[in-house]
>>> print(open('run.cif').read())   # mmCIF, C-alpha atoms (C1' of nucleotides)
data_structure
#
loop_
_atom_site.label_atom_id
_atom_site.label_comp_id
_atom_site.auth_asym_id
_atom_site.auth_seq_id
_atom_site.Cartn_x
_atom_site.Cartn_y
_atom_site.Cartn_z
CA MET A 682 23.93 52.94 49.61
CA VAL A 683 20.99 51.23 47.97
CA ASN A 684 21.19 47.53 47.23
CA LEU A 685 19.31 46.00 44.32
CA GLU A 686 16.66 44.42 46.55
CA THR A 687 15.69 47.84 47.87
CA ALA A 688 15.97 49.55 44.49
CA ILE A 689 13.53 47.27 42.69
CA GLN A 690 11.72 45.94 45.79
CA SER A 691 12.27 42.33 45.02
CA THR A 692 14.15 39.54 46.75
CA LYS A 693 13.09 36.72 44.47
CA PHE A 694 16.09 36.15 42.25
CA LYS A 695 16.45 32.68 40.75
CA ASN A 696 20.19 32.73 41.35
CA GLN A 697 23.19 35.08 41.38
CA LYS A 698 23.33 35.11 37.58
CA HIS A 699 19.73 36.23 37.29
CA LYS A 700 20.37 38.91 39.91
CA ALA A 701 23.46 40.05 38.01
CA VAL A 702 21.43 40.64 34.85
CA LEU A 703 18.97 42.87 36.73
CA ASN A 704 21.85 44.52 38.58
CA VAL A 705 23.61 45.48 35.33
CA LEU A 706 20.37 46.89 33.89
CA TYR A 707 19.63 48.87 37.03
CA SER A 708 23.20 50.18 37.35
CA ALA A 709 23.14 51.39 33.75
CA TRP A 710 19.86 53.21 34.34
CA TRP A 711 21.33 54.80 37.47
CA LEU A 712 24.52 55.88 35.68
CA LYS A 713 22.55 57.40 32.80
CA THR A 714 20.31 59.23 35.23
CA ILE A 715 23.07 60.87 37.26
CA MET A 716 25.01 61.74 34.09
CA SER A 717 21.95 63.23 32.41
CA ARG A 718 21.39 65.49 35.41
CA GLU A 719 24.82 67.05 34.80
CA LEU A 720 24.49 67.16 31.02
CA LYS A 721 21.12 68.88 31.24
CA GLU A 722 22.86 71.95 32.66
CA VAL A 723 24.68 72.39 29.35
CA GLY A 724 21.62 71.43 27.30
CA LEU A 725 22.85 68.04 26.11
CA THR A 726 21.23 64.63 26.24
CA HIS A 727 23.28 61.55 27.06
CA GLU A 728 23.31 60.44 23.42
CA GLN A 729 24.17 63.84 22.02
CA TYR A 730 27.10 63.90 24.46
CA ASN A 731 28.15 60.46 23.29
CA VAL A 732 28.23 61.57 19.64
CA LEU A 733 30.23 64.69 20.50
CA ARG A 734 32.74 62.60 22.48
CA ILE A 735 33.18 60.21 19.56
CA LEU A 736 33.89 63.17 17.25
CA LYS A 737 36.34 64.61 19.78
CA GLY A 738 38.20 61.30 19.88
CA LYS A 739 39.23 61.76 16.23
CA TYR A 740 39.29 65.56 16.10
CA PRO A 741 40.18 67.37 13.88
CA GLU A 742 39.53 64.37 11.63
CA GLU A 743 35.92 64.12 10.47
CA LEU A 744 33.79 61.00 10.82
CA CYS A 745 30.98 59.73 8.64
CA VAL A 746 27.62 58.77 10.13
CA LYS A 747 28.38 55.06 9.87
CA ASN A 748 31.67 55.39 11.76
CA ILE A 749 29.96 57.34 14.50
CA GLY A 750 27.26 54.67 14.72
CA CYS A 751 29.64 51.76 15.16
CA ARG A 752 31.38 53.58 18.02
CA MET A 753 28.15 54.28 19.90
CA ILE A 754 27.56 52.45 23.16
CA GLU A 755 23.95 51.80 22.16
CA LYS A 756 24.33 50.40 18.65
CA SER A 757 20.71 50.87 17.67
CA SER A 758 20.86 54.62 18.16
CA ASN A 759 19.56 56.52 15.16
CA VAL A 760 22.62 58.64 14.46
CA PRO A 761 21.22 60.84 11.63
CA ARG A 762 18.52 62.10 13.97
CA ILE A 763 20.88 62.78 16.85
CA ILE A 764 23.05 64.71 14.40
CA ASP A 765 19.96 66.72 13.31
CA ARG A 766 19.70 68.11 16.83
CA LEU A 767 23.42 68.81 17.11
CA VAL A 768 23.33 70.66 13.78
CA ALA A 769 20.31 72.70 14.97
CA LYS A 770 22.38 73.75 18.00
CA LYS A 771 25.37 74.46 15.73
CA LEU A 772 27.57 72.03 17.65
CA VAL A 773 28.48 70.01 14.55
CA LYS A 774 28.52 70.56 10.80
CA ARG A 775 27.22 68.15 8.19
CA SER A 776 28.70 67.88 4.71
CA THR A 777 28.83 65.36 1.91
CA SER A 778 32.05 63.43 1.50
CA PRO A 779 33.87 64.45 -1.70
CA THR A 780 35.27 60.96 -2.18
CA ASP A 781 31.98 59.07 -1.63
CA LYS A 782 28.82 61.05 -2.16
CA ARG A 783 26.77 58.54 -0.17
CA GLU A 784 28.65 59.47 2.98
CA THR A 785 27.79 62.40 5.21
CA VAL A 786 30.81 63.57 7.14
CA ILE A 787 30.37 65.31 10.45
CA SER A 788 32.75 67.81 12.02
CA LEU A 789 32.80 69.43 15.45
CA THR A 790 32.39 73.21 15.54
CA MET A 791 34.17 75.44 18.06
CA ALA A 792 30.89 75.69 19.99
CA GLY A 793 30.75 71.89 19.98
CA LEU A 794 34.29 71.59 21.28
CA ASN A 795 33.62 74.15 24.00
CA ILE A 796 30.42 72.58 25.25
CA LEU A 797 32.18 69.22 25.30
CA VAL A 798 34.95 70.55 27.53
CA THR A 799 32.38 71.90 30.00
CA ALA A 800 30.29 68.72 29.90
CA THR A 801 33.31 66.47 30.37
CA GLY A 802 34.43 68.57 33.34
CA LYS A 803 31.04 68.08 34.92
CA THR A 804 30.85 64.31 34.39
CA ASP A 805 34.46 63.82 35.52
CA LEU A 806 33.73 65.65 38.75
CA LEU A 807 30.54 63.65 39.17
CA PHE A 808 32.38 60.34 38.82
CA GLN A 809 35.14 61.52 41.11
CA ASN A 810 32.62 62.37 43.84
CA THR A 811 30.04 59.66 43.35
CA ILE A 812 31.90 56.60 42.16
CA THR A 813 34.44 55.70 44.78
CA ILE A 814 35.43 52.14 43.96
CA SER A 815 39.16 51.57 43.70
CA GLU A 816 41.01 51.04 40.42
CA THR A 817 41.57 47.41 41.39
CA GLU A 818 37.86 46.88 41.96
CA ALA A 819 37.00 48.67 38.72
CA ALA A 820 39.42 46.40 36.85
CA GLN A 821 37.78 43.35 38.43
CA LEU A 822 34.36 44.68 37.46
CA ASN A 823 35.54 45.14 33.87
CA GLN A 824 36.82 41.59 33.78
CA LEU A 825 33.54 40.18 35.10
CA LEU A 826 31.41 42.21 32.68
CA GLU A 827 33.42 40.89 29.76
CA LYS A 828 33.04 37.38 31.17
CA LEU A 829 29.27 38.03 31.33
CA ARG A 830 29.32 38.83 27.61
CA GLU A 831 31.74 36.07 26.67
CA ASN A 832 29.25 34.37 24.32
CA GLU A 833 28.36 37.63 22.61
CA MET I 430 33.86 37.10 22.88
CA VAL I 431 33.89 40.82 22.24
CA ASN I 432 35.78 43.10 24.59
CA LEU I 433 34.70 46.68 25.18
CA GLU I 434 37.52 48.12 23.09
CA THR I 435 36.27 46.25 20.03
CA ALA I 436 32.60 46.90 20.76
CA ILE I 437 32.89 50.68 20.87
CA GLN I 438 36.15 50.98 18.90
CA SER I 439 37.97 52.96 21.53
CA THR I 440 41.01 52.32 23.64
CA LYS I 441 41.24 55.70 25.28
CA PHE I 442 39.83 55.20 28.75
CA LYS I 443 41.00 57.61 31.44
CA ASN I 444 41.25 54.79 33.96
CA GLN I 445 39.58 51.52 34.97
CA LYS I 446 36.71 53.38 36.65
CA HIS I 447 35.91 55.31 33.48
CA LYS I 448 36.07 52.09 31.49
CA ALA I 449 33.76 50.40 34.01
CA VAL I 450 31.09 53.07 33.50
CA LEU I 451 31.12 52.51 29.72
CA ASN I 452 31.29 48.75 30.24
CA VAL I 453 28.15 48.76 32.42
CA LEU I 454 26.28 50.90 29.87
CA TYR I 455 27.35 48.68 26.98
CA SER I 456 26.57 45.45 28.84
CA ALA I 457 23.07 46.70 29.68
CA TRP I 458 22.46 47.58 26.05
CA TRP I 459 23.67 44.13 25.01
CA LEU I 460 21.48 42.36 27.58
CA LYS I 461 18.41 44.34 26.53
CA THR I 462 19.10 43.57 22.88
CA ILE I 463 19.42 39.81 23.26
CA MET I 464 16.38 39.67 25.57
CA SER I 465 14.27 41.78 23.22
CA ARG I 466 15.02 39.37 20.39
CA GLU I 467 13.40 36.57 22.39
CA LEU I 468 10.51 38.70 23.65
CA LYS I 469 9.67 39.88 20.16
CA GLU I 470 8.64 36.34 19.29
CA VAL I 471 5.78 36.60 21.79
CA GLY I 472 5.03 40.23 20.86
CA LEU I 473 6.33 41.86 24.02
CA THR I 474 8.77 44.71 24.52
CA HIS I 475 11.34 44.58 27.30
CA GLU I 476 9.36 47.06 29.43
CA GLN I 477 6.01 45.36 28.89
CA TYR I 478 7.66 42.12 30.03
CA ASN I 479 9.04 43.89 33.09
CA VAL I 480 5.57 45.13 34.09
CA LEU I 481 4.08 41.67 33.61
CA ARG I 482 6.81 40.11 35.74
CA ILE I 483 6.20 42.61 38.52
CA LEU I 484 2.49 41.73 38.48
CA LYS I 485 3.33 38.02 38.50
CA GLY I 486 5.51 38.52 41.57
CA LYS I 487 2.45 39.47 43.63
CA TYR I 488 -0.18 37.44 41.76
CA PRO I 489 -3.08 37.04 42.41
CA GLU I 490 -2.73 40.24 44.42
CA GLU I 491 -3.28 43.39 42.35
CA LEU I 492 -0.85 46.30 42.22
CA CYS I 493 -1.53 49.98 41.70
CA VAL I 494 0.38 51.97 39.06
CA LYS I 495 2.62 53.58 41.66
CA ASN I 496 3.65 50.24 43.15
CA ILE I 497 4.48 48.93 39.73
CA GLY I 498 6.52 52.05 39.00
CA CYS I 499 8.69 51.81 42.10
CA ARG I 500 9.54 48.19 41.25
CA MET I 501 10.61 48.99 37.69
CA ILE I 502 14.29 48.67 36.84
CA GLU I 503 14.12 51.93 34.90
CA LYS I 504 12.41 54.25 37.36
CA SER I 505 11.52 56.91 34.84
CA SER I 506 9.39 54.52 32.79
CA ASN I 507 5.96 55.94 32.08
CA VAL I 508 3.89 53.13 33.58
CA PRO I 509 0.39 54.33 32.57
CA ARG I 510 1.40 54.24 28.92
CA ILE I 511 3.00 50.80 29.13
CA ILE I 512 -0.21 49.59 30.79
CA ASP I 513 -2.22 51.11 27.90
CA ARG I 514 -0.51 48.71 25.52
CA LEU I 515 -0.91 45.72 27.81
CA VAL I 516 -4.63 46.52 28.18
CA ALA I 517 -4.96 46.79 24.38
CA LYS I 518 -3.48 43.28 24.12
CA LYS I 519 -5.78 42.08 26.94
CA LEU I 520 -2.82 40.93 29.03
CA VAL I 521 -3.83 43.02 32.06
CA LYS I 522 -7.01 44.63 33.36
CA ARG I 523 -7.30 48.15 34.72
CA SER I 524 -9.79 49.11 37.43
CA THR I 525 -10.19 51.83 40.00
CA SER I 526 -9.37 50.93 43.57
CA PRO I 527 -12.50 50.82 45.72
CA THR I 528 -10.59 52.03 48.79
CA ASP I 529 -8.79 54.94 47.10
CA LYS I 530 -10.36 56.26 43.95
CA ARG I 531 -7.11 57.96 42.89
CA GLU I 532 -5.46 54.58 42.46
CA THR I 533 -5.72 52.41 39.38
CA VAL I 534 -5.20 48.77 40.22
CA ILE I 535 -3.85 46.42 37.60
CA SER I 536 -4.44 42.70 37.43
CA LEU I 537 -2.98 40.02 35.20
CA THR I 538 -5.39 38.20 32.90
CA MET I 539 -5.08 34.52 32.01
CA ALA I 540 -3.66 35.55 28.64
CA GLY I 541 -1.13 37.71 30.51
CA LEU I 542 -0.11 34.83 32.75
CA ASN I 543 0.23 32.48 29.79
CA ILE I 544 2.36 34.82 27.69
CA LEU I 545 4.55 35.43 30.73
CA VAL I 546 5.21 31.73 31.16
CA THR I 547 6.26 31.43 27.52
CA ALA I 548 8.38 34.57 27.66
CA THR I 549 10.11 33.54 30.88
CA GLY I 550 10.87 30.14 29.42
CA LYS I 551 12.52 31.82 26.46
CA THR I 552 14.65 34.25 28.49
CA ASP I 553 15.66 31.55 30.97
CA LEU I 554 16.87 29.37 28.13
CA LEU I 555 18.68 32.34 26.60
CA PHE I 556 20.53 33.10 29.84
CA GLN I 557 21.33 29.44 30.32
CA ASN I 558 22.91 29.24 26.87
CA THR I 559 24.46 32.68 26.55
CA ILE I 560 25.52 33.71 30.04
CA THR I 561 27.95 31.15 31.30
CA ILE I 562 29.66 32.84 34.22
CA SER I 563 29.69 30.79 37.42
CA GLU I 564 27.50 31.56 40.42
CA THR I 565 30.61 32.66 42.32
CA GLU I 566 31.56 35.12 39.59
CA ALA I 567 27.99 36.38 39.37
CA ALA I 568 27.99 36.98 43.13
CA GLN I 569 31.26 38.90 42.82
CA LEU I 570 29.81 40.95 39.98
CA ASN I 571 26.77 41.78 42.12
CA GLN I 572 29.00 42.89 44.95
CA LEU I 573 31.07 45.15 42.68
CA LEU I 574 28.00 46.72 41.05
CA GLU I 575 26.60 47.62 44.45
CA LYS I 576 29.99 49.04 45.39
CA LEU I 577 29.86 51.10 42.19
CA ARG I 578 26.56 52.55 43.35
CA GLU I 579 27.56 52.92 46.99
CA ASN I 580 27.05 56.70 46.98
CA GLU I 581 23.66 56.42 45.31
"C1'" DT Q 763 30.12 48.83 -20.36
"C1'" DA Q 764 25.64 47.64 -18.45
"C1'" DC Q 765 23.18 45.70 -14.87
"C1'" DA Q 766 22.72 43.53 -10.35
"C1'" DA Q 767 23.98 43.78 -5.66
"C1'" DT Q 768 25.57 46.32 -1.93
"C1'" DT Q 769 26.21 50.32 0.95
"C1'" DA Q 770 25.20 54.95 3.26
"C1'" DG Q 771 22.09 57.53 5.14
"C1'" DA Q 772 17.57 59.74 5.35
"C1'" DT Q 773 12.84 58.98 6.78
"C1'" DG Q 774 8.53 56.76 8.72
"C1'" DT Q 775 6.30 54.37 12.64
"C1'" DA Q 776 5.51 52.30 17.14
"C1'" DT Q 777 7.24 52.24 21.58
"C1'" DA Q 778 9.83 54.09 25.40
"C1'" DT Q 779 12.14 57.79 28.23
"C1'" DA Q 780 12.33 62.04 30.77
"C1'" DC Q 781 9.96 65.56 32.50
"C1'" DA Q 782 6.29 69.02 33.00
"C1'" DC Q 783 1.63 69.85 33.93
"C1'" DG Q 784 -3.39 69.13 34.86
"C1'" DT Q 785 -7.20 66.93 37.40
"C1'" DA Q 786 -9.42 64.49 40.86
"C1'" DA Q 787 -9.24 62.34 45.23
"C1'" DA Q 788 -7.43 62.03 49.77
"C1'" DT Q 789 -5.09 63.98 53.66
"C1'" DT Q 790 -3.76 67.58 56.72
"C1'" DA Q 791 -4.32 71.95 58.88
"C1'" DA Q 792 -6.73 76.00 60.20
"C1'" DT L 1042 -15.82 71.74 58.25
"C1'" DT L 1043 -13.64 74.35 54.99
"C1'" DA L 1044 -9.32 75.38 52.73
"C1'" DA L 1045 -4.60 74.20 51.62
"C1'" DT L 1046 -1.56 70.56 50.59
"C1'" DT L 1047 -0.31 66.26 48.94
"C1'" DT L 1048 -0.85 62.14 46.23
"C1'" DA L 1049 -2.12 59.19 42.15
"C1'" DC L 1050 -2.38 59.06 37.66
"C1'" DG L 1051 -3.35 60.54 33.09
"C1'" DT L 1052 -1.61 63.46 29.25
"C1'" DG L 1053 1.43 66.43 26.37
"C1'" DT L 1054 6.05 67.19 24.32
"C1'" DA L 1055 10.82 66.52 22.93
"C1'" DT L 1056 14.09 63.09 22.40
"C1'" DA L 1057 15.60 58.38 21.80
"C1'" DT L 1058 15.18 53.37 20.44
"C1'" DA L 1059 14.26 49.64 17.32
"C1'" DC L 1060 13.30 48.44 13.02
"C1'" DA L 1061 11.58 48.81 8.24
"C1'" DT L 1062 11.71 51.10 3.89
"C1'" DC L 1063 13.30 54.29 0.30
"C1'" DT L 1064 16.73 56.66 -2.59
"C1'" DA L 1065 21.09 57.65 -4.37
"C1'" DA L 1066 25.78 56.34 -4.94
"C1'" DT L 1067 29.16 52.85 -5.37
"C1'" DT L 1068 30.94 48.35 -6.25
"C1'" DG L 1069 31.03 43.83 -8.32
"C1'" DT L 1070 30.28 41.03 -12.18
"C1'" DA L 1071 28.71 39.13 -16.60
#
>>> encode(input="run.cif", output="structure tokens")
Amino acid sequence: MVNLETAIQSTKFKNQKHKAVLNVLYSAWWLKTIMSRELKEVGLTHEQYNVLRILKGKYPEELCVKNIGCRMIEKSSNVPRIIDRLVAKKLVKRSTSPTDKRETVISLTMAGLNILVTATGKTDLLFQNTITISETEAAQLNQLLEKLRENE
Amino acid sequence: MVNLETAIQSTKFKNQKHKAVLNVLYSAWWLKTIMSRELKEVGLTHEQYNVLRILKGKYPEELCVKNIGCRMIEKSSNVPRIIDRLVAKKLVKRSTSPTDKRETVISLTMAGLNILVTATGKTDLLFQNTITISETEAAQLNQLLEKLRENE
DNA sequence: TACAATTAGATGTATATACACGTAAATTAA
DNA sequence: TTAATTTACGTGTATATACATCTAATTGTA
């Protein structure tokens, strides 16, 4: 158990709100780090995994680049370039939409589906073992995070 | 007010814990985005600002690269390269430690201190206007985030 | 219908992240 | 005191982020 003070070696927070901002940023870095460790074993980055999961959510329906982008957790991700790497690994296929030639539609390959199953198994197990807060606490946390962003 | 479901266009969360993981990641991205917008006006990136703040915390004491690194929110930040850019802008000064020639000690310049004051004023105002949760809620949020990381 | 405005996505650039590796200095051990 | 080990930090590489710009396709409008 590492509290924020220890993690970033600082005790000078203006107030609880200021501490909460740093705490959210640090927690996100920590989550990405432990997830990436698992994903590395199947050769995926966190963002590549995110794109694959978005495609899985609609599978076997295809999604265009724009619709993948607006579902990303990090909105400023450069989706075409992440797709480049997934295409190179043959995990997705790119093709032009017949109805709108501006759109590039992306579909999961079998290899993509398979790697996703393995990766999801790994991250699920990780969360099960590492994140032990109760469902009630998680629900509270969700409520407070949305309160934090209420003026979004 | 934008809830997570709308933000990432998904309603399929395995449970509250799974949703909390995505919620923390999304909230961190959101916080970084709104902060970066302010910092851009003074020509700083989020990470450059973080390094300057760490230096301010010990000012006028100097800090070596390693001690800056272990105080960073994102531990895998490449501190030497962030310092490169701060040196180029004359916001910090680099020199070799006289007591241990392996160490590079970094000190804030007057320009660095000044820009930090402006930047901090901007982010403080931003938080004041945008983040309106109470101190009690923020304290609760801090407690839950540390619970989330309890097996760190 | 023709032309302007908008939209989708590819691409370029600067910065950052994540991680490996190299070099020099300091520390420890033989 | 020399040799091995460790530490601090710079550097290289692949990927990602953040944002601007370009092109082609589509849509809206005169």
>>> resolve_selection(input="run.cif", expression="the PyMOL selection byres ((chain I) within 10 of (chain Q))", output="PyMOL selection string")
chain I and resi 474-476+503-507+510-511+514+529-532
>>> interface_residues(input="run.cif", of="chain I", to="chain L", cutoff="12 Å", atoms="only C-alpha atoms (C1' of nucleotides)", output="ChimeraX atom specification")
/I:458,461-462,465-466,469,474-475,493-496,498,507-510,512-513,525-526,529-534
>>> write_last_selection(input="run.cif", atoms="C-alpha atoms", output="compact mmCIF listing (two decimals), keeping the file's coordinate frame")
# COMPACT_ATOMS: atom_id res chain seq x y z
CA TRP I 458 22.46 47.58 26.05
CA LYS I 461 18.41 44.34 26.53
CA THR I 462 19.10 43.57 22.88
CA SER I 465 14.27 41.78 23.22
CA ARG I 466 15.02 39.37 20.39
CA LYS I 469 9.67 39.88 20.16
CA THR I 474 8.77 44.71 24.52
CA HIS I 475 11.34 44.58 27.30
CA CYS I 493 -1.53 49.98 41.70
CA VAL I 494 0.38 51.97 39.06
CA LYS I 495 2.62 53.58 41.66
CA ASN I 496 3.65 50.24 43.15
CA GLY I 498 6.52 52.05 39.00
CA ASN I 507 5.96 55.94 32.08
CA VAL I 508 3.89 53.13 33.58
CA PRO I 509 0.39 54.33 32.57
CA ARG I 510 1.40 54.24 28.92
CA ILE I 512 -0.21 49.59 30.79
CA ASP I 513 -2.22 51.11 27.90
CA THR I 525 -10.19 51.83 40.00
CA SER I 526 -9.37 50.93 43.57
CA ASP I 529 -8.79 54.94 47.10
CA LYS I 530 -10.36 56.26 43.95
CA ARG I 531 -7.11 57.96 42.89
CA GLU I 532 -5.46 54.58 42.46
CA THR I 533 -5.72 52.41 39.38
CA VAL I 534 -5.20 48.77 40.22
>>> interface_residues(input="run.cif", of="chain A", to="chain I", cutoff="6 Å", atoms="all atoms listed in the file", output="VMD selection string")
chain A and resid 682 689 to 690 697 to 698 701 705 to 707 709 to 710 752 754 to 755 811 to 812 814 816 819 to 820 823 829 831 to 833
>>> calpha_fit_and_write(input="run.cif", fixed="chain A", moving="chain I", output="short mmCIF file (atom, residue, chain, number, x, y, z; two decimals) with C-alpha atoms, in the coordinates of the input")
data_model
loop_
_atom_site.label_atom_id
_atom_site.label_comp_id
_atom_site.auth_asym_id
_atom_site.auth_seq_id
_atom_site.Cartn_x
_atom_site.Cartn_y
_atom_site.Cartn_z
CA MET I 430 23.97 52.93 49.60
CA VAL I 431 21.03 51.23 47.97
CA ASN I 432 21.19 47.53 47.22
CA LEU I 433 19.30 46.01 44.31
CA GLU I 434 16.66 44.44 46.55
CA THR I 435 15.67 47.86 47.86
CA ALA I 436 15.94 49.57 44.48
CA ILE I 437 13.50 47.28 42.69
CA GLN I 438 11.69 45.97 45.79
CA SER I 439 12.27 42.33 45.03
CA THR I 440 14.14 39.57 46.75
CA LYS I 441 13.11 36.74 44.49
CA PHE I 442 16.09 36.15 42.24
CA LYS I 443 16.45 32.68 40.74
CA ASN I 444 20.20 32.73 41.34
CA GLN I 445 23.19 35.09 41.36
CA LYS I 446 23.33 35.12 37.55
CA HIS I 447 19.72 36.25 37.28
CA LYS I 448 20.36 38.91 39.90
CA ALA I 449 23.46 40.05 38.00
CA VAL I 450 21.43 40.65 34.83
CA LEU I 451 18.97 42.88 36.72
CA ASN I 452 21.85 44.53 38.58
CA VAL I 453 23.60 45.48 35.32
CA LEU I 454 20.36 46.89 33.88
CA TYR I 455 19.63 48.87 37.04
CA SER I 456 23.19 50.17 37.35
CA ALA I 457 23.14 51.39 33.74
CA TRP I 458 19.87 53.19 34.34
CA TRP I 459 21.33 54.79 37.47
CA LEU I 460 24.52 55.87 35.67
CA LYS I 461 22.55 57.38 32.79
CA THR I 462 20.30 59.23 35.23
CA ILE I 463 23.07 60.85 37.26
CA MET I 464 25.02 61.75 34.10
CA SER I 465 21.95 63.23 32.41
CA ARG I 466 21.41 65.49 35.40
CA GLU I 467 24.83 67.05 34.80
CA LEU I 468 24.48 67.16 31.02
CA LYS I 469 21.12 68.89 31.24
CA GLU I 470 22.86 71.93 32.66
CA VAL I 471 24.68 72.40 29.35
CA GLY I 472 21.61 71.42 27.30
CA LEU I 473 22.83 68.04 26.11
CA THR I 474 21.21 64.62 26.24
CA HIS I 475 23.26 61.55 27.07
CA GLU I 476 23.29 60.42 23.42
CA GLN I 477 24.16 63.84 22.02
CA TYR I 478 27.09 63.91 24.45
CA ASN I 479 28.14 60.45 23.29
CA VAL I 480 28.21 61.57 19.64
CA LEU I 481 30.22 64.67 20.52
CA ARG I 482 32.73 62.60 22.48
CA ILE I 483 33.17 60.22 19.57
CA LEU I 484 33.88 63.18 17.27
CA LYS I 485 36.32 64.61 19.81
CA GLY I 486 38.19 61.31 19.89
CA LYS I 487 39.23 61.76 16.26
CA TYR I 488 39.29 65.57 16.12
CA PRO I 489 40.16 67.37 13.89
CA GLU I 490 39.53 64.37 11.66
CA GLU I 491 35.91 64.11 10.48
CA LEU I 492 33.78 60.99 10.85
CA CYS I 493 30.98 59.72 8.65
CA VAL I 494 27.61 58.75 10.15
CA LYS I 495 28.39 55.04 9.90
CA ASN I 496 31.67 55.39 11.78
CA ILE I 497 29.95 57.32 14.50
CA GLY I 498 27.25 54.66 14.72
CA CYS I 499 29.63 51.74 15.17
CA ARG I 500 31.36 53.57 18.03
CA MET I 501 28.13 54.27 19.90
CA ILE I 502 27.55 52.44 23.17
CA GLU I 503 23.95 51.80 22.17
CA LYS I 504 24.32 50.41 18.66
CA SER I 505 20.71 50.87 17.67
CA SER I 506 20.85 54.63 18.18
CA ASN I 507 19.52 56.51 15.18
CA VAL I 508 22.60 58.63 14.46
CA PRO I 509 21.19 60.82 11.64
CA ARG I 510 18.48 62.09 13.97
CA ILE I 511 20.86 62.78 16.86
CA ILE I 512 23.04 64.70 14.39
CA ASP I 513 19.95 66.71 13.31
CA ARG I 514 19.70 68.10 16.83
CA LEU I 515 23.41 68.80 17.12
CA VAL I 516 23.31 70.64 13.77
CA ALA I 517 20.31 72.68 14.97
CA LYS I 518 22.38 73.73 18.00
CA LYS I 519 25.38 74.45 15.73
CA LEU I 520 27.58 72.02 17.66
CA VAL I 521 28.50 70.00 14.56
CA LYS I 522 28.53 70.56 10.81
CA ARG I 523 27.23 68.15 8.20
CA SER I 524 28.72 67.88 4.72
CA THR I 525 28.85 65.35 1.94
CA SER I 526 32.08 63.45 1.52
CA PRO I 527 33.89 64.47 -1.66
CA THR I 528 35.30 60.96 -2.14
CA ASP I 529 32.03 59.07 -1.59
CA LYS I 530 28.87 61.03 -2.13
CA ARG I 531 26.81 58.50 -0.14
CA GLU I 532 28.66 59.45 3.02
CA THR I 533 27.81 62.39 5.23
CA VAL I 534 30.83 63.58 7.15
CA ILE I 535 30.38 65.31 10.47
CA SER I 536 32.75 67.79 12.03
CA LEU I 537 32.80 69.43 15.44
CA THR I 538 32.39 73.20 15.54
CA MET I 539 34.15 75.44 18.05
CA ALA I 540 30.89 75.69 19.98
CA GLY I 541 30.75 71.87 19.97
CA LEU I 542 34.29 71.59 21.29
CA ASN I 543 33.62 74.17 24.00
CA ILE I 544 30.41 72.58 25.25
CA LEU I 545 32.19 69.22 25.30
CA VAL I 546 34.93 70.56 27.53
CA THR I 547 32.37 71.91 29.99
CA ALA I 548 30.30 68.73 29.89
CA THR I 549 33.32 66.47 30.37
CA GLY I 550 34.45 68.56 33.31
CA LYS I 551 31.05 68.09 34.91
CA THR I 552 30.87 64.31 34.39
CA ASP I 553 34.47 63.82 35.51
CA LEU I 554 33.74 65.66 38.73
CA LEU I 555 30.55 63.65 39.18
CA PHE I 556 32.39 60.33 38.81
CA GLN I 557 35.14 61.53 41.11
CA ASN I 558 32.63 62.38 43.83
CA THR I 559 30.05 59.65 43.34
CA ILE I 560 31.92 56.59 42.14
CA THR I 561 34.46 55.71 44.75
CA ILE I 562 35.45 52.15 43.94
CA SER I 563 39.20 51.58 43.68
CA GLU I 564 41.02 51.06 40.40
CA THR I 565 41.58 47.42 41.36
CA GLU I 566 37.87 46.88 41.93
CA ALA I 567 37.02 48.68 38.71
CA ALA I 568 39.43 46.41 36.83
CA GLN I 569 37.78 43.36 38.40
CA LEU I 570 34.36 44.69 37.45
CA ASN I 571 35.54 45.15 33.85
CA GLN I 572 36.82 41.61 33.76
CA LEU I 573 33.54 40.19 35.09
CA LEU I 574 31.41 42.22 32.66
CA GLU I 575 33.41 40.90 29.73
CA LYS I 576 33.03 37.40 31.13
CA LEU I 577 29.27 38.03 31.31
CA ARG I 578 29.32 38.84 27.61
CA GLU I 579 31.75 36.09 26.64
CA ASN I 580 29.26 34.39 24.31
CA GLU I 581 28.34 37.66 22.62
#
>>> atom_distance(input="run.cif", atom1="atom CA of Ser776 of chain A", atom2="atom CA of Thr440 of chain I")
27.4 Å
>>> atom_distance(input="run.cif", atom1="atom CA of Thr790 of chain A", atom2="atom CA of Val723 of chain A")
15.8 Å
>>> atom_distance(input="run.cif", atom1="atom CA of Pro527 of chain I", atom2="atom CA of Lys485 of chain I")
21.6 Å
>>> axis_aligned_box(input="run.cif", around="segment 467-484 of chain I", padding_each_side="5 Å", output="AutoDock Vina command-line options")
--center_x 7.9 --center_y 41.7 --center_z 28.9 --size_x 20.9 --size_y 20.7 --size_z 29.2
>>> residues_near_point(input="run.cif", point="(25.5, 71.8, 16.5)", cutoff="12 Å", atoms="only C-alpha atoms (C1' of nucleotides)", output="ChimeraX atom specification")
/A:724-725,729-730,732-733,763-775,787-797
